[in-house]
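Visitor: Just so it is clear, I am handing over run35.csv, which has CSV, C-alpha atoms.
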chain,number,residue,atom,x,y,z
A,5,MET,CA,0.0,0.0,0.0
A,6,THR,CA,1.4,3.4,-0.9
A,7,ASP,CA,1.9,6.0,1.8
A,8,GLY,CA,-1.1,8.1,0.5
A,9,ALA,CA,-3.4,5.1,0.4
A,10,ALA,CA,-2.3,4.0,3.9
A,11,ARG,CA,-3.0,7.4,5.3
A,12,ALA,CA,-6.4,7.5,3.6
A,13,CYS,CA,-7.2,4.1,5.1
A,14,ILE,CA,-6.1,5.1,8.6
A,15,GLU,CA,-8.1,8.4,8.4
A,16,GLN,CA,-11.2,6.5,7.3
A,17,TYR,CA,-11.2,3.9,10.1
A,18,THR,CA,-9.7,6.0,13.0
A,19,PRO,CA,-12.1,8.0,15.1
A,20,ALA,CA,-11.5,11.7,15.5
A,21,LEU,CA,-9.1,12.6,18.3
A,22,SER,CA,-10.9,14.3,21.2
A,23,CYS,CA,-8.7,16.5,23.5
A,24,LYS,CA,-11.4,16.5,26.2
A,25,ARG,CA,-9.9,13.4,27.9
A,26,SER,CA,-6.3,14.4,27.3
A,27,ARG,CA,-4.0,15.1,30.2
A,28,ASP,CA,-2.8,18.2,28.5
A,29,ALA,CA,-5.6,19.6,26.3
A,30,ARG,CA,-3.5,22.6,25.2
A,31,GLN,CA,-0.8,20.3,23.9
A,32,CYS,CA,-3.4,18.0,22.3
A,33,GLU,CA,-5.0,20.9,20.4
A,34,ALA,CA,-1.6,22.2,19.3
A,35,LEU,CA,-0.8,18.7,17.9
A,36,GLN,CA,-4.0,18.6,16.0
A,37,ALA,CA,-3.4,22.1,14.6
A,38,ALA,CA,0.2,21.2,13.6
A,39,GLN,CA,-0.9,18.0,12.0
A,40,GLN,CA,-3.5,19.8,10.0
A,41,ALA,CA,-1.0,22.5,8.9
A,42,CYS,CA,1.4,19.8,7.7
A,43,ASP,CA,-1.2,17.9,5.6
A,44,GLY,CA,0.4,16.9,2.3
A,45,THR,CA,3.8,16.1,3.7
A,46,GLU,CA,4.9,12.6,4.6
A,47,GLY,CA,7.6,10.7,6.5
A,48,ALA,CA,10.5,12.6,8.0
A,49,ALA,CA,9.4,15.9,6.4
A,50,ARG,CA,6.0,15.6,8.1
A,51,ARG,CA,7.6,14.8,11.5
A,52,LEU,CA,9.8,17.9,11.1
A,53,CYS,CA,6.9,20.1,10.1
A,54,VAL,CA,4.8,19.0,13.1
A,55,ARG,CA,7.7,19.3,15.4
A,56,GLU,CA,8.4,22.9,14.3
A,57,ARG,CA,4.8,23.9,14.9
A,58,MET,CA,4.5,22.5,18.4
A,59,PRO,CA,4.8,24.9,21.4
A,60,ALA,CA,7.5,24.4,24.0
A,61,ALA,CA,6.6,22.3,27.0
A,62,ASP,CA,4.9,24.2,29.8
A,63,CYS,CA,6.7,23.2,33.0
A,64,SER,CA,5.3,26.1,35.1
A,65,HIS,CA,2.8,23.9,36.9
A,66,ALA,CA,5.0,20.8,37.2
A,67,SER,CA,5.7,19.4,40.6
A,68,ASN,CA,9.4,18.9,39.6
A,69,LYS,CA,10.1,21.8,37.2
A,70,ALA,CA,13.7,20.7,36.6
A,71,ARG,CA,12.7,17.1,35.7
A,72,CYS,CA,10.0,18.5,33.4
A,73,GLU,CA,12.4,20.7,31.6
A,74,GLN,CA,14.9,17.8,31.3
A,75,ARG,CA,12.3,15.5,29.8
A,76,ALA,CA,11.2,18.2,27.3
A,77,ALA,CA,14.8,18.7,26.2
A,78,ALA,CA,15.3,14.9,25.9
A,79,GLU,CA,12.1,14.6,23.8
A,80,TRP,CA,13.2,17.4,21.6
A,81,GLN,CA,16.6,15.9,21.2
A,82,CYS,CA,15.1,12.4,20.3
A,83,ALA,CA,12.3,13.7,18.1
A,84,GLU,CA,14.0,12.3,14.9
A,85,THR,CA,13.6,8.8,16.2
A,86,ALA,CA,10.2,7.2,16.3
A,87,GLY,CA,8.5,4.4,18.1
A,88,GLN,CA,10.5,2.1,20.4
A,89,GLN,CA,13.8,3.7,19.4
A,90,GLY,CA,12.5,7.2,20.3
A,91,ARG,CA,11.3,6.0,23.7
A,92,GLU,CA,14.6,4.4,24.3
A,93,CYS,CA,16.5,7.5,23.3
A,94,VAL,CA,14.4,9.6,25.8
A,95,ARG,CA,15.0,7.1,28.5
A,96,LYS,CA,18.7,7.1,28.0
A,97,ALA,CA,18.8,10.9,27.9
A,98,LEU,CA,17.0,11.0,31.3
A,99,ILE,CA,19.5,8.7,33.0
A,100,PRO,CA,21.6,10.8,35.4
A,101,ALA,CA,25.3,10.9,34.8
A,102,PRO,CA,27.3,8.7,37.2
A,103,ALA,CA,28.6,10.6,40.2
A,104,ALA,CA,32.2,9.6,39.5
A,105,ALA,CA,32.1,11.1,36.1
A,106,SER,CA,30.8,14.4,37.4
A,107,ARG,CA,33.5,14.8,40.0
A,108,PRO,CA,36.8,16.4,39.1
A,109,ALA,CA,39.9,14.1,39.0
A,110,PRO,CA,41.9,14.2,42.3
A,111,ARG,CA,45.0,16.3,42.4
A,112,ARG,CA,48.3,14.7,42.9
What would you get if you wrote out this structure as structure tokens?
Guide:
Amino acid sequence: MTDGAARACIEQYTPALSCKRSRDARQCEALQAAQQACDGTEGAARRLCVRERMPAADCSHASNKARCEQRAAAEWQCAETAGQQGRECVRKALIPAPAAASRPAPRR
């Protein structure tokens, strides 16, 4: 199936996304708008188009603002990878650096 036919099939059989039940309605609505603005592009070009139109993460209400900002940076950094590889990339980016690596070398 060609990319265009696959997308038409998916659109026909997938119910409309409702942002009412989303954890972050603002982000959900921004994603819908970005996807609509990028209609006509496919593959890596579409992912880049959507990514450029998404607003930055709002960490102002997060219980751990630093962790929220760290996660947003990791997701942005890993946006080129999709699926399991993308999730693995974000997970690796969130692993704290070992304490020994962050300490300066002892003086002799």
Visitor: Skipping near chain neighbours, those fewer than 2 positions away, what residues fall within 9 Å of Ala60 (chain A) using all atoms listed in the file, listed as a ChimeraX atom specification?
Guide: /A:58,62,76
Visitor: I need the residues from that last selection saved to file as an mmCIF file, keeping the file's coordinate frame (with C-alpha atoms), if you can.
Guide:
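Saved as selection-v6.cif:
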data_model
loop_
_atom_site.group_PDB
_atom_site.id
_atom_site.type_symbol
_atom_site.label_atom_id
_atom_site.label_comp_id
_atom_site.auth_asym_id
_atom_site.auth_seq_id
_atom_site.Cartn_x
_atom_site.Cartn_y
_atom_site.Cartn_z
ATOM 1 C CA MET A 58 4.500 22.500 18.400
ATOM 2 C CA ASP A 62 4.900 24.200 29.800
ATOM 3 C CA ALA A 76 11.200 18.200 27.300
#
Visitor: Please produce, as CSV, a per-residue contact table for region 53-82 of chain A versus region 44-48 of chain A (criterion: any atom at most 12 Å away, all atoms listed in the file considered), showing the nearest atom pair and its distance in Å to one decimal, sorted by chain then residue number.
Guide:
residue,atom,partner,partner_atom,distance
A:Cys53,CA,A:Thr45,CA,8.2
A:Val54,CA,A:Thr45,CA,9.9
A:Arg55,CA,A:Ala48,CA,10.4
Visitor: Export, as a PDB file, in the frame of the given file, the selected residues with C-alpha atoms.
Guide:
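File out_1.pdb, as written:
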ATOM      1  CA  CYS A  53       6.900  20.100  10.100  1.00  0.00           C
ATOM      2  CA  VAL A  54       4.800  19.000  13.100  1.00  0.00           C
ATOM      3  CA  ARG A  55       7.700  19.300  15.400  1.00  0.00           C
TER       4      ARG A  55
END
Visitor: In Å, rounded to a single decimal, give me how far CA of Ala83 (chain A) is from CA of Leu98 (chain A).
Guide: 14.3 Å
Visitor: Pick out the closest residue to Leu52 (chain A) from this set: A:Ser22, A:Gln31, A:Thr85, A:Ser64. Count only C-alpha atoms.
Guide: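 The shortest atom-to-atom distance to Leu52 (chain A) comes from A:Thr85.
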Visitor: How far is it from CA of Arg71 (chain A) to CA of Leu21 (chain A), in Å with one decimal?
Guide: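 Straight-line distance from CA of Arg71 (chain A) to CA of Leu21 (chain A) works out to 28.3 Å.
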Visitor: Selecting all heavy atoms, how would region 50-62 of chain A from this structure be written as a short mmCIF file (atom, residue, chain, number, x, y, z; two decimals), in the first residue's frame?
Guide:
data_model
loop_
_atom_site.label_atom_id
_atom_site.label_comp_id
_atom_site.auth_asym_id
_atom_site.auth_seq_id
_atom_site.Cartn_x
_atom_site.Cartn_y
_atom_site.Cartn_z
N ARG A 50 7.20 15.36 7.31
CA ARG A 50 5.99 15.61 8.11
C ARG A 50 6.34 15.71 9.60
O ARG A 50 5.86 16.59 10.30
CB ARG A 50 4.96 14.52 7.88
CG ARG A 50 3.67 14.75 8.69
CD ARG A 50 2.63 13.70 8.37
NE ARG A 50 1.45 13.87 9.18
CZ ARG A 50 0.46 14.71 8.93
NH1 ARG A 50 0.51 15.49 7.87
NH2 ARG A 50 -0.58 14.80 9.73
N ARG A 51 7.18 14.78 10.08
CA ARG A 51 7.58 14.83 11.49
C ARG A 51 8.27 16.15 11.82
O ARG A 51 7.99 16.77 12.85
CB ARG A 51 8.48 13.65 11.84
CG ARG A 51 7.73 12.34 11.94
CD ARG A 51 8.58 11.23 12.53
NE ARG A 51 9.78 10.93 11.75
CZ ARG A 51 9.83 10.09 10.72
NH1 ARG A 51 8.73 9.47 10.34
NH2 ARG A 51 10.96 9.87 10.09
N LEU A 52 9.14 16.61 10.93
CA LEU A 52 9.84 17.87 11.13
C LEU A 52 8.86 19.03 11.10
O LEU A 52 8.93 19.94 11.94
CB LEU A 52 10.93 18.06 10.08
CG LEU A 52 11.74 19.33 10.18
CD1 LEU A 52 12.50 19.37 11.51
CD2 LEU A 52 12.71 19.44 9.02
N CYS A 53 7.92 19.01 10.18
CA CYS A 53 6.91 20.06 10.06
C CYS A 53 6.09 20.16 11.34
O CYS A 53 5.89 21.25 11.89
CB CYS A 53 6.02 19.77 8.86
SG CYS A 53 4.66 20.94 8.62
N VAL A 54 5.60 19.03 11.83
CA VAL A 54 4.79 19.02 13.06
C VAL A 54 5.62 19.48 14.24
O VAL A 54 5.18 20.31 15.05
CB VAL A 54 4.20 17.60 13.31
CG1 VAL A 54 3.57 17.51 14.69
CG2 VAL A 54 3.17 17.25 12.24
N ARG A 55 6.85 18.99 14.32
CA ARG A 55 7.73 19.34 15.44
C ARG A 55 7.99 20.85 15.51
O ARG A 55 8.00 21.44 16.59
CB ARG A 55 9.04 18.58 15.27
CG ARG A 55 10.05 18.82 16.34
CD ARG A 55 11.27 17.98 16.07
NE ARG A 55 12.37 18.40 16.88
CZ ARG A 55 13.62 18.11 16.65
NH1 ARG A 55 13.94 17.38 15.62
NH2 ARG A 55 14.56 18.53 17.43
N GLU A 56 8.18 21.48 14.36
CA GLU A 56 8.44 22.92 14.32
C GLU A 56 7.23 23.74 14.76
O GLU A 56 7.39 24.86 15.23
CB GLU A 56 8.86 23.34 12.92
CG GLU A 56 10.24 22.86 12.54
CD GLU A 56 10.58 23.13 11.08
OE1 GLU A 56 9.66 23.41 10.27
OE2 GLU A 56 11.78 23.05 10.75
N ARG A 57 6.05 23.19 14.61
CA ARG A 57 4.83 23.93 14.94
C ARG A 57 4.33 23.69 16.36
O ARG A 57 3.38 24.33 16.80
CB ARG A 57 3.74 23.58 13.94
CG ARG A 57 3.98 24.26 12.61
CD ARG A 57 3.16 23.65 11.49
NE ARG A 57 3.33 24.37 10.24
CZ ARG A 57 4.43 24.35 9.49
NH1 ARG A 57 5.47 23.66 9.87
NH2 ARG A 57 4.49 25.03 8.36
N MET A 58 4.95 22.77 17.07
CA MET A 58 4.52 22.47 18.44
C MET A 58 5.09 23.49 19.42
O MET A 58 6.24 23.89 19.31
CB MET A 58 4.97 21.06 18.84
CG MET A 58 4.24 19.95 18.11
SD MET A 58 2.48 19.94 18.39
CE MET A 58 2.44 19.49 20.10
N PRO A 59 4.27 23.91 20.39
CA PRO A 59 4.78 24.85 21.40
C PRO A 59 5.73 24.15 22.36
O PRO A 59 5.70 22.92 22.49
CB PRO A 59 3.51 25.30 22.13
CG PRO A 59 2.57 24.15 21.97
CD PRO A 59 2.88 23.56 20.61
N ALA A 60 6.56 24.93 23.00
CA ALA A 60 7.48 24.38 24.00
C ALA A 60 6.67 23.83 25.17
O ALA A 60 5.56 24.28 25.44
CB ALA A 60 8.44 25.46 24.49
N ALA A 61 7.24 22.87 25.85
CA ALA A 61 6.58 22.27 27.02
C ALA A 61 6.35 23.33 28.09
O ALA A 61 7.21 24.19 28.31
CB ALA A 61 7.41 21.14 27.58
N ASP A 62 5.20 23.28 28.74
CA ASP A 62 4.88 24.22 29.82
C ASP A 62 5.15 23.52 31.15
O ASP A 62 4.36 22.72 31.61
CB ASP A 62 3.41 24.65 29.73
CG ASP A 62 3.02 25.62 30.83
OD1 ASP A 62 3.93 26.18 31.49
OD2 ASP A 62 1.81 25.81 31.04
#
